[in-house]
$ cat my_file36.pdb   # PDB, C-alpha atoms
ATOM      1  CA  MET A  17     -10.965  29.996 -12.308
ATOM      2  CA  ALA A  18     -14.375  28.841 -11.109
ATOM      3  CA  THR A  19     -16.000  30.877  -8.351
ATOM      4  CA  VAL A  20     -17.377  29.361  -5.153
ATOM      5  CA  GLY A  21     -20.542  27.411  -5.905
ATOM      6  CA  THR A  22     -19.870  27.236  -9.644
ATOM      7  CA  PRO A  23     -19.495  23.685 -11.005
ATOM      8  CA  PHE A  24     -16.042  23.041 -12.408
ATOM      9  CA  ARG A  25     -15.966  22.947 -16.195
ATOM     10  CA  PRO A  26     -12.736  22.605 -18.163
ATOM     11  CA  HIS A  27     -12.043  25.063 -20.946
ATOM     12  CA  ARG A  28     -12.931  23.361 -24.224
ATOM     13  CA  VAL A  29     -10.408  23.488 -27.075
ATOM     14  CA  ALA A  30     -11.549  22.338 -30.526
ATOM     15  CA  VAL A  31      -8.783  21.560 -33.012
ATOM     16  CA  LEU A  32      -9.855  21.804 -36.652
ATOM     17  CA  ALA A  33      -8.316  19.000 -38.719
ATOM     18  CA  LEU A  34      -8.082  19.952 -42.400
ATOM     19  CA  ASP A  35      -7.029  17.697 -45.279
ATOM     20  CA  GLY A  36      -3.278  17.806 -45.775
ATOM     21  CA  LEU A  37      -2.637  18.622 -42.130
ATOM     22  CA  LEU A  38       0.697  18.051 -40.407
ATOM     23  CA  PRO A  39       0.207  15.335 -37.739
ATOM     24  CA  PHE A  40       2.859  16.909 -35.518
ATOM     25  CA  GLU A  41       0.991  20.225 -35.369
ATOM     26  CA  LEU A  42      -2.346  18.517 -34.836
ATOM     27  CA  GLY A  43      -0.942  16.820 -31.752
ATOM     28  CA  ILE A  44       0.467  19.975 -30.139
ATOM     29  CA  PRO A  45      -2.789  21.214 -28.523
ATOM     30  CA  GLN A  46      -3.578  17.711 -27.266
ATOM     31  CA  ARG A  47      -0.127  17.305 -25.745
ATOM     32  CA  ILE A  48       0.092  20.770 -24.148
ATOM     33  CA  PHE A  49      -3.456  21.475 -22.998
ATOM     34  CA  ARG A  50      -4.333  17.947 -21.891
ATOM     35  CA  ARG A  51      -1.300  17.938 -19.573
ATOM     36  CA  ALA A  52      -2.528  20.985 -17.651
ATOM     37  CA  ARG A  53      -4.154  20.182 -14.298
ATOM     38  CA  ASP A  54      -5.265  22.173 -11.291
ATOM     39  CA  ALA A  55      -4.195  21.621  -7.661
ATOM     40  CA  GLU A  56      -6.840  18.900  -7.310
ATOM     41  CA  GLY A  57      -5.552  17.012 -10.339
ATOM     42  CA  ARG A  58      -8.452  17.921 -12.628
ATOM     43  CA  HIS A  59      -7.865  18.566 -16.309
ATOM     44  CA  LEU A  60      -8.050  22.307 -16.962
ATOM     45  CA  TYR A  61      -8.819  21.790 -20.649
ATOM     46  CA  ASP A  62     -11.049  19.450 -22.618
ATOM     47  CA  VAL A  63      -9.510  18.975 -26.086
ATOM     48  CA  LEU A  64     -11.336  17.468 -29.039
ATOM     49  CA  THR A  65     -10.516  17.197 -32.740
ATOM     50  CA  CYS A  66     -13.090  17.915 -35.418
ATOM     51  CA  SER A  67     -13.348  18.008 -39.196
ATOM     52  CA  VAL A  68     -15.139  20.251 -41.675
ATOM     53  CA  ARG A  69     -17.136  17.153 -42.668
ATOM     54  CA  PRO A  70     -19.096  14.537 -40.730
ATOM     55  CA  PRO A  71     -16.931  12.179 -38.633
ATOM     56  CA  GLY A  72     -14.569  10.132 -40.752
ATOM     57  CA  PRO A  73     -11.064  10.019 -42.247
ATOM     58  CA  VAL A  74      -8.962  13.136 -42.811
ATOM     59  CA  ALA A  75      -5.910  12.998 -45.082
ATOM     60  CA  THR A  76      -2.545  14.116 -43.698
ATOM     61  CA  ASP A  77       0.714  15.076 -45.382
ATOM     62  CA  ALA A  78       2.124  11.740 -44.161
ATOM     63  CA  ASP A  79       1.470   8.218 -45.429
ATOM     64  CA  PHE A  80      -1.598   7.711 -43.235
ATOM     65  CA  ASP A  81      -5.056   9.170 -42.665
ATOM     66  CA  LEU A  82      -6.626  10.098 -39.346
ATOM     67  CA  LEU A  83     -10.070   9.024 -38.187
ATOM     68  CA  VAL A  84     -11.707  12.112 -36.694
ATOM     69  CA  ALA A  85     -14.671  11.497 -34.405
ATOM     70  CA  HIS A  86     -16.310  14.938 -34.513
ATOM     71  CA  GLY A  87     -17.860  17.009 -37.289
ATOM     72  CA  PRO A  88     -17.942  20.818 -37.651
ATOM     73  CA  GLU A  89     -20.799  21.143 -35.138
ATOM     74  CA  ALA A  90     -18.202  20.619 -32.386
ATOM     75  CA  LEU A  91     -16.830  24.093 -33.140
ATOM     76  CA  ALA A  92     -19.991  25.565 -31.614
ATOM     77  CA  THR A  93     -19.068  24.036 -28.234
ATOM     78  CA  ALA A  94     -15.519  25.448 -28.127
ATOM     79  CA  ASP A  95     -14.099  28.182 -25.925
ATOM     80  CA  THR A  96     -10.945  28.141 -28.066
ATOM     81  CA  VAL A  97     -10.588  26.970 -31.672
ATOM     82  CA  VAL A  98      -7.135  25.960 -32.945
ATOM     83  CA  VAL A  99      -6.367  25.742 -36.680
ATOM     84  CA  PRO A 100      -3.111  23.862 -37.425
ATOM     85  CA  ALA A 101      -1.324  24.115 -40.786
ATOM     86  CA  SER A 102      -2.361  22.176 -43.871
ATOM     87  CA  TYR A 103      -0.656  21.602 -47.224
ATOM     88  CA  GLU A 104      -3.977  21.332 -49.066
ATOM     89  CA  LEU A 105      -5.638  24.689 -48.465
ATOM     90  CA  GLY A 106      -6.322  25.224 -52.179
ATOM     91  CA  PRO A 107      -8.190  28.534 -52.744
ATOM     92  CA  VAL A 108      -7.361  29.657 -49.213
ATOM     93  CA  HIS A 109      -3.624  29.617 -49.959
ATOM     94  CA  GLU A 110      -3.831  30.538 -53.637
ATOM     95  CA  GLU A 111      -6.584  33.176 -53.699
ATOM     96  CA  GLY A 112      -7.192  34.094 -50.064
ATOM     97  CA  ARG A 113     -10.785  32.811 -50.039
ATOM     98  CA  LEU A 114     -12.549  30.072 -48.124
ATOM     99  CA  THR A 115     -14.106  27.053 -49.772
ATOM    100  CA  PRO A 116     -17.886  26.749 -49.162
ATOM    101  CA  GLU A 117     -17.229  23.715 -46.975
ATOM    102  CA  LEU A 118     -14.714  25.522 -44.796
ATOM    103  CA  ALA A 119     -16.854  28.663 -44.584
ATOM    104  CA  ALA A 120     -19.815  26.567 -43.440
ATOM    105  CA  ALA A 121     -17.686  24.907 -40.771
ATOM    106  CA  LEU A 122     -16.327  28.203 -39.420
ATOM    107  CA  ALA A 123     -19.875  29.578 -39.241
ATOM    108  CA  HIS A 124     -20.420  27.261 -36.250
ATOM    109  CA  ILE A 125     -17.919  29.242 -34.156
ATOM    110  CA  ARG A 126     -19.668  31.340 -31.527
ATOM    111  CA  PRO A 127     -18.900  35.079 -31.179
ATOM    112  CA  GLY A 128     -16.255  35.646 -28.518
ATOM    113  CA  THR A 129     -14.539  32.302 -29.071
ATOM    114  CA  ARG A 130     -10.749  32.553 -28.838
ATOM    115  CA  LEU A 131      -9.093  31.768 -32.176
ATOM    116  CA  VAL A 132      -5.601  30.295 -32.528
ATOM    117  CA  ALA A 133      -3.644  29.474 -35.686
ATOM    118  CA  ILE A 134      -0.466  27.410 -35.837
ATOM    119  CA  CYS A 135       1.938  28.131 -38.714
ATOM    120  CA  THR A 136       0.082  28.509 -42.039
ATOM    121  CA  GLY A 137      -3.211  27.813 -40.292
ATOM    122  CA  GLY A 138      -3.232  31.613 -40.157
ATOM    123  CA  TYR A 139      -4.255  31.588 -43.833
ATOM    124  CA  VAL A 140      -7.630  30.183 -42.765
ATOM    125  CA  LEU A 141      -8.214  32.891 -40.148
ATOM    126  CA  ALA A 142      -7.093  35.583 -42.592
ATOM    127  CA  ALA A 143      -9.328  34.307 -45.400
ATOM    128  CA  ALA A 144     -12.257  34.360 -42.971
ATOM    129  CA  GLY A 145     -11.522  38.012 -42.142
ATOM    130  CA  TYR A 146     -10.557  37.391 -38.523
ATOM    131  CA  LEU A 147      -7.129  38.994 -38.980
ATOM    132  CA  ASP A 148      -8.174  42.160 -40.823
ATOM    133  CA  GLY A 149      -6.464  45.134 -39.205
ATOM    134  CA  ARG A 150      -4.701  42.909 -36.686
ATOM    135  CA  PRO A 151      -1.074  41.927 -36.088
ATOM    136  CA  ALA A 152      -0.267  38.315 -36.956
ATOM    137  CA  THR A 153       2.573  36.007 -37.884
ATOM    138  CA  THR A 154       3.125  32.813 -39.827
ATOM    139  CA  HIS A 155       6.057  30.668 -40.943
ATOM    140  CA  TRP A 156       8.899  32.945 -42.059
ATOM    141  CA  ALA A 157       9.048  31.254 -45.473
ATOM    142  CA  SER A 158       5.389  32.154 -46.112
ATOM    143  CA  ALA A 159       5.385  35.655 -44.607
ATOM    144  CA  GLU A 160       5.835  37.639 -47.844
ATOM    145  CA  HIS A 161       3.194  35.615 -49.686
ATOM    146  CA  PHE A 162       0.853  35.887 -46.711
ATOM    147  CA  GLN A 163       1.233  39.677 -46.643
ATOM    148  CA  ARG A 164       0.602  40.022 -50.398
ATOM    149  CA  LEU A 165      -2.467  37.830 -50.208
ATOM    150  CA  PHE A 166      -3.884  39.559 -47.124
ATOM    151  CA  PRO A 167      -2.781  43.217 -47.232
ATOM    152  CA  LYS A 168      -5.114  44.172 -44.366
ATOM    153  CA  VAL A 169      -3.135  41.992 -41.951
ATOM    154  CA  ARG A 170      -0.136  43.504 -40.137
ATOM    155  CA  VAL A 171       2.351  40.668 -40.584
ATOM    156  CA  ASP A 172       5.327  40.356 -38.216
ATOM    157  CA  ALA A 173       7.668  37.672 -39.546
ATOM    158  CA  ASP A 174      10.248  38.071 -36.763
ATOM    159  CA  VAL A 175       8.327  36.672 -33.791
ATOM    160  CA  LEU A 176       7.455  33.164 -32.636
ATOM    161  CA  PHE A 177       3.848  34.109 -31.963
ATOM    162  CA  VAL A 178       1.488  37.070 -31.753
ATOM    163  CA  ASP A 179      -1.079  37.466 -28.971
ATOM    164  CA  ASP A 180      -3.769  39.928 -30.004
ATOM    165  CA  GLY A 181      -6.190  39.067 -27.238
ATOM    166  CA  ASP A 182      -8.900  36.851 -28.675
ATOM    167  CA  VAL A 183      -6.938  36.003 -31.844
ATOM    168  CA  LEU A 184      -3.459  34.460 -31.684
ATOM    169  CA  THR A 185      -1.113  33.226 -34.411
ATOM    170  CA  SER A 186       2.194  31.372 -34.350
ATOM    171  CA  ALA A 187       5.192  30.933 -36.584
ATOM    172  CA  GLY A 188       6.132  27.602 -38.116
ATOM    173  CA  VAL A 189       5.479  24.158 -36.669
ATOM    174  CA  ALA A 190       7.177  23.962 -33.235
ATOM    175  CA  ALA A 191       6.294  27.610 -32.535
ATOM    176  CA  GLY A 192       2.837  26.185 -31.927
ATOM    177  CA  ILE A 193       4.272  24.726 -28.720
ATOM    178  CA  ASP A 194       5.484  28.180 -27.674
ATOM    179  CA  LEU A 195       2.047  29.632 -28.358
ATOM    180  CA  CYS A 196       0.163  26.921 -26.463
ATOM    181  CA  LEU A 197       2.487  27.273 -23.462
ATOM    182  CA  HIS A 198       1.930  31.023 -23.625
ATOM    183  CA  LEU A 199      -1.824  30.417 -23.433
ATOM    184  CA  LEU A 200      -1.297  28.214 -20.368
ATOM    185  CA  ARG A 201       0.675  31.023 -18.716
ATOM    186  CA  ARG A 202      -2.010  33.526 -19.663
ATOM    187  CA  ASP A 203      -4.870  31.343 -18.440
ATOM    188  CA  HIS A 204      -3.374  29.713 -15.345
ATOM    189  CA  GLY A 205       0.054  31.193 -14.605
ATOM    190  CA  THR A 206       3.705  30.334 -14.965
ATOM    191  CA  ALA A 207       3.705  27.361 -12.591
ATOM    192  CA  VAL A 208       1.156  25.407 -14.655
ATOM    193  CA  ALA A 209       2.931  26.203 -17.930
ATOM    194  CA  ASN A 210       6.326  25.274 -16.514
ATOM    195  CA  GLU A 211       5.029  21.955 -15.206
ATOM    196  CA  VAL A 212       3.612  21.059 -18.631
ATOM    197  CA  ALA A 213       6.866  22.151 -20.296
ATOM    198  CA  ARG A 214       8.886  19.907 -17.980
ATOM    199  CA  HIS A 215       6.716  16.886 -18.773
ATOM    200  CA  THR A 216       6.913  17.667 -22.489
ATOM    201  CA  VAL A 217      10.710  18.161 -22.236
ATOM    202  CA  VAL A 218      10.655  21.559 -23.945
ATOM    203  CA  PRO A 219      11.789  24.976 -22.693
ATOM    204  CA  PRO A 220       8.914  26.857 -21.024
ATOM    205  CA  TYR A 221       9.946  29.990 -22.905
ATOM    206  CA  ARG A 222      12.205  30.325 -25.943
ATOM    207  CA  ASP A 223      14.278  33.439 -26.431
ATOM    208  CA  GLY A 224      14.113  35.499 -29.584
ATOM    209  CA  GLY A 225      11.983  35.073 -32.667
ATOM    210  CA  GLN A 226      12.071  33.429 -36.070
ATOM    211  CA  ALA A 227      15.175  35.332 -37.124
ATOM    212  CA  GLN A 228      17.398  32.768 -35.410
ATOM    213  CA  TYR A 229      15.929  29.945 -37.542
ATOM    214  CA  ILE A 230      16.206  31.524 -40.975
ATOM    215  CA  GLN A 231      19.014  29.909 -42.952
ATOM    216  CA  ARG A 232      22.111  32.090 -43.249
ATOM    217  CA  PRO A 233      25.734  31.464 -44.214
ATOM    218  CA  LEU A 234      27.497  29.499 -41.493
ATOM    219  CA  PRO A 235      29.781  31.553 -39.235
ATOM    220  CA  GLN A 236      33.491  31.021 -39.428
ATOM    221  CA  PRO A 237      34.708  28.209 -37.119
ATOM    222  CA  GLN A 238      36.767  30.606 -35.036
ATOM    223  CA  GLN A 239      33.750  32.809 -34.236
ATOM    224  CA  ALA A 240      32.521  32.504 -30.665
ATOM    225  CA  GLY A 241      28.906  32.563 -29.517
ATOM    226  CA  THR A 242      27.096  34.378 -26.719
ATOM    227  CA  ALA A 243      25.643  31.456 -24.740
ATOM    228  CA  ALA A 244      28.152  31.795 -21.907
ATOM    229  CA  ALA A 245      27.294  35.460 -21.449
ATOM    230  CA  ARG A 246      23.581  34.663 -21.304
ATOM    231  CA  ALA A 247      24.159  31.963 -18.691
ATOM    232  CA  TRP A 248      26.332  34.375 -16.679
ATOM    233  CA  ALA A 249      23.646  37.069 -16.823
ATOM    234  CA  LEU A 250      20.857  34.689 -15.778
ATOM    235  CA  GLY A 251      22.689  34.029 -12.529
ATOM    236  CA  ARG A 252      22.957  37.764 -11.832
ATOM    237  CA  LEU A 253      19.583  39.209 -12.826
ATOM    238  CA  HIS A 254      19.357  40.897  -9.418
ATOM    239  CA  GLU A 255      22.518  42.887 -10.155
ATOM    240  CA  PRO A 256      23.041  45.789 -12.558
ATOM    241  CA  ILE A 257      24.271  44.252 -15.823
ATOM    242  CA  GLN A 258      25.857  46.415 -18.485
ATOM    243  CA  LEU A 259      26.234  45.446 -22.116
ATOM    244  CA  ARG A 260      30.001  45.752 -21.821
ATOM    245  CA  ASP A 261      29.944  43.259 -18.920
ATOM    246  CA  MET A 262      28.302  40.644 -21.135
ATOM    247  CA  ALA A 263      30.627  41.407 -24.047
ATOM    248  CA  GLU A 264      33.665  40.993 -21.816
ATOM    249  CA  ARG A 265      32.502  37.507 -20.836
ATOM    250  CA  GLU A 266      32.936  36.508 -24.486
ATOM    251  CA  SER A 267      36.068  38.640 -25.044
ATOM    252  CA  MET A 268      34.264  40.663 -27.725
ATOM    253  CA  SER A 269      33.784  44.318 -28.429
ATOM    254  CA  VAL A 270      30.331  45.654 -27.577
ATOM    255  CA  ARG A 271      29.569  46.098 -31.269
ATOM    256  CA  THR A 272      30.573  42.548 -32.220
ATOM    257  CA  PHE A 273      28.796  41.063 -29.227
ATOM    258  CA  THR A 274      25.565  42.920 -30.004
ATOM    259  CA  ARG A 275      25.608  41.753 -33.619
ATOM    260  CA  ARG A 276      26.375  38.149 -32.657
ATOM    261  CA  PHE A 277      23.720  38.211 -29.921
ATOM    262  CA  ARG A 278      21.037  39.320 -32.379
ATOM    263  CA  GLU A 279      22.074  36.614 -34.833
ATOM    264  CA  GLU A 280      21.741  33.919 -32.164
ATOM    265  CA  ALA A 281      18.802  35.123 -30.056
ATOM    266  CA  GLY A 282      16.803  37.173 -32.551
ATOM    267  CA  ILE A 283      16.591  40.177 -30.185
ATOM    268  CA  SER A 284      18.987  42.688 -28.651
ATOM    269  CA  PRO A 285      20.809  42.006 -25.359
ATOM    270  CA  GLY A 286      18.753  44.714 -23.646
ATOM    271  CA  GLN A 287      15.458  43.219 -24.815
ATOM    272  CA  TRP A 288      16.604  39.785 -23.716
ATOM    273  CA  LEU A 289      17.565  41.010 -20.230
ATOM    274  CA  THR A 290      14.221  42.748 -19.774
ATOM    275  CA  ARG A 291      12.368  39.609 -20.843
ATOM    276  CA  GLN A 292      14.309  37.446 -18.393
ATOM    277  CA  ARG A 293      13.626  39.894 -15.573
ATOM    278  CA  VAL A 294       9.919  39.982 -16.357
ATOM    279  CA  GLU A 295       9.824  36.171 -16.253
ATOM    280  CA  ARG A 296      11.707  36.180 -12.948
ATOM    281  CA  ALA A 297       9.252  38.707 -11.506
ATOM    282  CA  ARG A 298       6.282  36.646 -12.686
ATOM    283  CA  TYR A 299       7.657  33.539 -11.015
ATOM    284  CA  LEU A 300       8.250  35.333  -7.709
ATOM    285  CA  LEU A 301       4.835  37.015  -7.777
ATOM    286  CA  GLU A 302       3.186  33.630  -8.203
ATOM    287  CA  SER A 303       5.292  31.473  -5.923
ATOM    288  CA  SER A 304       6.537  33.643  -3.047
ATOM    289  CA  ASP A 305       5.310  35.857  -0.225
ATOM    290  CA  LEU A 306       7.975  38.472  -0.949
ATOM    291  CA  SER A 307       6.911  42.105  -1.062
ATOM    292  CA  ILE A 308       6.684  43.867  -4.412
ATOM    293  CA  ASP A 309       9.704  45.996  -3.482
ATOM    294  CA  ARG A 310      11.779  42.882  -2.742
ATOM    295  CA  ILE A 311      10.688  41.154  -5.957
ATOM    296  CA  ALA A 312      11.617  44.257  -7.949
ATOM    297  CA  ARG A 313      15.114  44.134  -6.472
ATOM    298  CA  ASP A 314      15.508  40.365  -6.891
ATOM    299  CA  ALA A 315      14.379  40.518 -10.520
ATOM    300  CA  GLY A 316      16.827  43.319 -11.270
ATOM    301  CA  PHE A 317      14.377  46.172 -11.827
ATOM    302  CA  GLY A 318      15.708  48.117  -8.858
ATOM    303  CA  THR A 319      12.448  49.777  -7.863
ATOM    304  CA  ALA A 320       8.833  48.699  -7.671
ATOM    305  CA  GLN A 321       7.894  51.568  -9.970
ATOM    306  CA  SER A 322      10.304  50.351 -12.653
ATOM    307  CA  MET A 323       8.954  46.807 -12.394
ATOM    308  CA  ARG A 324       5.405  48.094 -12.572
ATOM    309  CA  GLN A 325       6.148  49.952 -15.797
ATOM    310  CA  HIS A 326       7.765  46.901 -17.400
ATOM    311  CA  LEU A 327       4.972  44.516 -16.381
ATOM    312  CA  GLN A 328       2.362  46.951 -17.638
ATOM    313  CA  THR A 329       4.189  47.151 -20.972
ATOM    314  CA  VAL A 330       4.706  43.400 -21.371
ATOM    315  CA  LEU A 331       1.671  41.936 -19.586
ATOM    316  CA  GLY A 332      -0.757  44.848 -19.472
ATOM    317  CA  VAL A 333      -1.274  44.542 -15.688
ATOM    318  CA  THR A 334       0.307  45.817 -12.475
ATOM    319  CA  PRO A 335       2.268  43.499 -10.160
ATOM    320  CA  THR A 336      -0.626  43.523  -7.687
ATOM    321  CA  ALA A 337      -3.178  42.573 -10.351
ATOM    322  CA  TYR A 338      -0.912  39.823 -11.673
ATOM    323  CA  ARG A 339      -0.358  38.366  -8.200
ATOM    324  CA  ARG A 340      -4.066  38.533  -7.411
ATOM    325  CA  THR A 341      -4.842  36.528 -10.550
ATOM    326  CA  PHE A 342      -2.111  33.898 -10.371
ATOM    327  CA  ARG A 343      -1.043  33.664  -6.715
ATOM    328  CA  THR A 344      -1.428  30.088  -5.509
ATOM    329  CA  GLY A 345      -1.790  31.034  -1.843
ATOM    330  CA  GLY A 346      -0.127  32.961   0.974
ATOM    331  CA  ALA A 347       0.245  36.650   1.690
ATOM    332  CA  ASP A 348      -0.126  39.187  -1.051
ATOM    333  CA  GLY A 349       2.857  41.306  -0.100
ATOM    334  CA  ALA A 350       2.839  45.083  -0.044
ATOM    335  CA  ASP A 351       2.654  46.627  -3.486
ATOM    336  CA  THR A 352       4.055  50.118  -3.276
ATOM    337  CA  ALA A 353       3.705  50.513  -7.040
ATOM    338  CA  ALA A 354       0.137  49.298  -7.499
TER
END
$ encode --input "my_file36.pdb" --output "C-alpha cells"
Amino acid sequence: MATVGTPFRPHRVAVLALDGLLPFELGIPQRIFRRARDAEGRHLYDVLTCSVRPPGPVATDADFDLLVAHGPEALATADTVVVPASYELGPVHEEGRLTPELAAALAHIRPGTRLVAICTGGYVLAAAGYLDGRPATTHWASAEHFQRLFPKVRVDADVLFVDDGDVLTSAGVAAGIDLCLHLLRRDHGTAVANEVARHTVVPPYRDGGQAQYIQRPLPQPQQAGTAAARAWALGRLHEPIQLRDMAERESMSVRTFTRRFREEAGISPGQWLTRQRVERARYLLESSDLSIDRIARDAGFGTAQSMRQHLQTVLGVTPTAYRRTFRTGGADGADTAA
C-alpha cells in the first residue's frame, strides 16, 4: 500500500511469452491481476506481455501466433515476472540449460524481482538457477523428469502451488489461477482476491493438491463421496468437529472415510478442517470488528492462542499483524494472543 504523500503506482507484472506457449496460461495473469482494484477503483497491477526478442509475433501451441508489443527490456521494469508454460523449450526441457537468447532476456530482471512460474514454466526458472535449494512444483506429469533434470530443486508434486517468498511455482495449467489468486491474497487480502474470483467465476481457494487430478481407476458406482460431509462441516466450523462425526454423515467407517477423503481432496480431513478455519479467521480479521478471542471461537480454534499458533504456521504472522496489514477499516479488536 502507498504511504501518505507517495504517488500511487500499480505493481507491474511482466509476463514472458515464449515460443510454443499455451494461450490459456498466458492470459491468466492478465485476467486475474488486471481485475484487482483498490477502494477508489484504481488498478492495483499493471500487466504487460513481453518476448525474448524485439516486438513481433510469438508462436503458440494453437493454430495462431500472438503479436507481442514489448521486447525483453520490459523485464527490467517489472516488480513481478511471470513465466507461463511452453511446449518449445528445447535445451531448457531436454538438458536443463538456457538458450543464449533466453539467458540474455532473463539478465534484464532486476535483483529482488518476484519470480512466478506457471506449470512447466518452472523449467525456465530452474535452468536459470533461481530454484536451486528451494521447494517448487510443476505439472504432476512432469515432476519426475523435472526432479531428475534439476536435482538441486526440492520438488513437491502433490501441491497446487509453492510460495517460497520471492519465487513461486504452480502445478499444471489452471493451477496458475490458484497461484495468482494466492498472490492477490498475499498482496492485498482476502476481500480483493475473492472479488476477482467471483468475477472470474472460479473458486477463491481450491482444496487439496494435484493428487485429486491424477488419473486413477474409477471408483465403483456404489461408492459414496465425501462432499456432503465437507458441506456439513463448513456450516459448523465454530463447533468441535470430530473425524467420526464427518464419517457418520456419509455412513462410513472412519478408516474408509479418511481414505476416500484423501482420494477426493488430496489432503487429510484434519488438514482440510484447519485450512478452512484459517480462511474463516482471515476473512473475519479483514472484514469485522470482532475481538481476536471472538474470531478464534467463531473460526473453531477455541482460543486466541490456538489461532495464533495456526496463523503463524500457515501465514507466518500473528492475528494482530495480519489484521494490521489487511484490515479495511474499523476497530482493531483486542488481541490477547499477539
$ atom_distance --input "my_file36.pdb" --atom1 "atom CA of A:Glu56" --atom2 "atom CA of A:Pro335"
26.4 Å
$ resolve_selection --input "my_file36.pdb" --expression "the PyMOL selection byres ((chain A and resi 314) around 12)" --output "count of residues only"
33
$ resolve_selection --input "my_file36.pdb" --expression "the PyMOL selection byres ((chain A and resi 195) around 8)" --output "MDAnalysis selection string"
chainID A and resid 176:177 185:186 191:194 196:199
$ residues_near_point --input "my_file36.pdb" --point "(0.4, 21.3, -17.3)" --cutoff "12 Å" --atoms "all atoms listed in the file" --output "ChimeraX atom specification"
/A:45-55,57-61,196-201,203-217,220
$ residues_near_point --input "my_file36.pdb" --point "(-18.6, 15.5, -32.1)" --cutoff "10 Å" --atoms "all atoms listed in the file" --output "ChimeraX atom specification"
/A:30,64-67,70-71,84-91,93
$ write_last_selection --input "my_file36.pdb" --atoms "C-alpha atoms" --output "PDB file, in the coordinates of the input"
ATOM      1  CA  ALA A  30     -11.549  22.338 -30.526  1.00  0.00           C
ATOM      2  CA  LEU A  64     -11.336  17.468 -29.039  1.00  0.00           C
ATOM      3  CA  THR A  65     -10.516  17.197 -32.740  1.00  0.00           C
ATOM      4  CA  CYS A  66     -13.090  17.915 -35.418  1.00  0.00           C
ATOM      5  CA  SER A  67     -13.348  18.008 -39.196  1.00  0.00           C
ATOM      6  CA  PRO A  70     -19.096  14.537 -40.730  1.00  0.00           C
ATOM      7  CA  PRO A  71     -16.931  12.179 -38.633  1.00  0.00           C
ATOM      8  CA  VAL A  84     -11.707  12.112 -36.694  1.00  0.00           C
ATOM      9  CA  ALA A  85     -14.671  11.497 -34.405  1.00  0.00           C
ATOM     10  CA  HIS A  86     -16.310  14.938 -34.513  1.00  0.00           C
ATOM     11  CA  GLY A  87     -17.860  17.009 -37.289  1.00  0.00           C
ATOM     12  CA  PRO A  88     -17.942  20.818 -37.651  1.00  0.00           C
ATOM     13  CA  GLU A  89     -20.799  21.143 -35.138  1.00  0.00           C
ATOM     14  CA  ALA A  90     -18.202  20.619 -32.386  1.00  0.00           C
ATOM     15  CA  LEU A  91     -16.830  24.093 -33.140  1.00  0.00           C
ATOM     16  CA  THR A  93     -19.068  24.036 -28.234  1.00  0.00           C
TER      17      THR A  93
END
$ atom_distance --input "my_file36.pdb" --atom1 "atom CA of A:Leu37" --atom2 "atom CA of A:Ile125"
20.2 Å
$ residues_around --input "my_file36.pdb" --residues "stretch 161-163 of chain A" --least-positions-apart "5" --cutoff "10 Å" --atoms "only C-alpha atoms" --output "number ranges by chain"
A: 109-110, 112, 136, 138-139, 142, 152-156, 168-173
$ atom_distance --input "my_file36.pdb" --atom1 "atom CA of A:Thr115" --atom2 "atom CA of A:Val68"
10.6 Å
$ closest_residue --input "my_file36.pdb" --among "A:Phe342, A:Phe166, A:Phe40, A:Trp248" --to "A:Gly149" --atoms "all atoms listed in the file"
A:Phe166
$ axis_aligned_box --input "my_file36.pdb" --around "stretch 324-334 of chain A" --padding-each-side "6 Å" --output "JSON"
{"center_x": 3.2, "center_y": 45.9, "center_z": -16.9, "size_x": 21.0, "size_y": 20.0, "size_z": 20.9}
$ resolve_selection --input "my_file36.pdb" --expression "the PyMOL selection byres ((chain A and resi 273) around 10)" --output "NGL selection string"
:A and (240-242 or 245 or 259-260 or 262-272 or 274-279 or 284-285)
$ write_last_selection --input "my_file36.pdb" --atoms "C-alpha atoms" --output "mmCIF file, in the coordinates of the input"
data_model
loop_
_atom_site.group_PDB
_atom_site.id
_atom_site.type_symbol
_atom_site.label_atom_id
_atom_site.label_comp_id
_atom_site.auth_asym_id
_atom_site.auth_seq_id
_atom_site.Cartn_x
_atom_site.Cartn_y
_atom_site.Cartn_z
ATOM 1 C CA ALA A 240 32.521 32.504 -30.665
ATOM 2 C CA GLY A 241 28.906 32.563 -29.517
ATOM 3 C CA THR A 242 27.096 34.378 -26.719
ATOM 4 C CA ALA A 245 27.294 35.460 -21.449
ATOM 5 C CA LEU A 259 26.234 45.446 -22.116
ATOM 6 C CA ARG A 260 30.001 45.752 -21.821
ATOM 7 C CA MET A 262 28.302 40.644 -21.135
ATOM 8 C CA ALA A 263 30.627 41.407 -24.047
ATOM 9 C CA GLU A 264 33.665 40.993 -21.816
ATOM 10 C CA ARG A 265 32.502 37.507 -20.836
ATOM 11 C CA GLU A 266 32.936 36.508 -24.486
ATOM 12 C CA SER A 267 36.068 38.640 -25.044
ATOM 13 C CA MET A 268 34.264 40.663 -27.725
ATOM 14 C CA SER A 269 33.784 44.318 -28.429
ATOM 15 C CA VAL A 270 30.331 45.654 -27.577
ATOM 16 C CA ARG A 271 29.569 46.098 -31.269
ATOM 17 C CA THR A 272 30.573 42.548 -32.220
ATOM 18 C CA THR A 274 25.565 42.920 -30.004
ATOM 19 C CA ARG A 275 25.608 41.753 -33.619
ATOM 20 C CA ARG A 276 26.375 38.149 -32.657
ATOM 21 C CA PHE A 277 23.720 38.211 -29.921
ATOM 22 C CA ARG A 278 21.037 39.320 -32.379
ATOM 23 C CA GLU A 279 22.074 36.614 -34.833
ATOM 24 C CA SER A 284 18.987 42.688 -28.651
ATOM 25 C CA PRO A 285 20.809 42.006 -25.359
#
$ closest_residue --input "my_file36.pdb" --among "A:Asp148, A:Ala249, A:Ile134, A:Thr329" --to "A:Ala190" --atoms "all atoms listed in the file"
A:Ile134
$ closest_residue --input "my_file36.pdb" --among "A:Gly128, A:Gly286, A:Pro219, A:Pro151" --to "A:Asp180" --atoms "all atoms listed in the file"
A:Pro151
$ residues_around --input "my_file36.pdb" --residues "A:Ala101" --least-positions-apart "6" --cutoff "9 Å" --atoms "only C-alpha atoms" --output "list of chain:residue names"
A:Ala33, A:Leu34, A:Gly36, A:Leu37, A:Leu38, A:Glu41, A:Leu42, A:Ala133, A:Ile134, A:Cys135, A:Thr136, A:Gly137, A:Gly138, A:Tyr139, A:Val140, A:Gly188, A:Val189
$ residues_around --input "my_file36.pdb" --residues "A:Ala119" --least-positions-apart "3" --cutoff "10 Å" --atoms "all atoms listed in the file" --output "PyMOL selection string"
chain A and resi 68+113-116+122-124+140+143-144
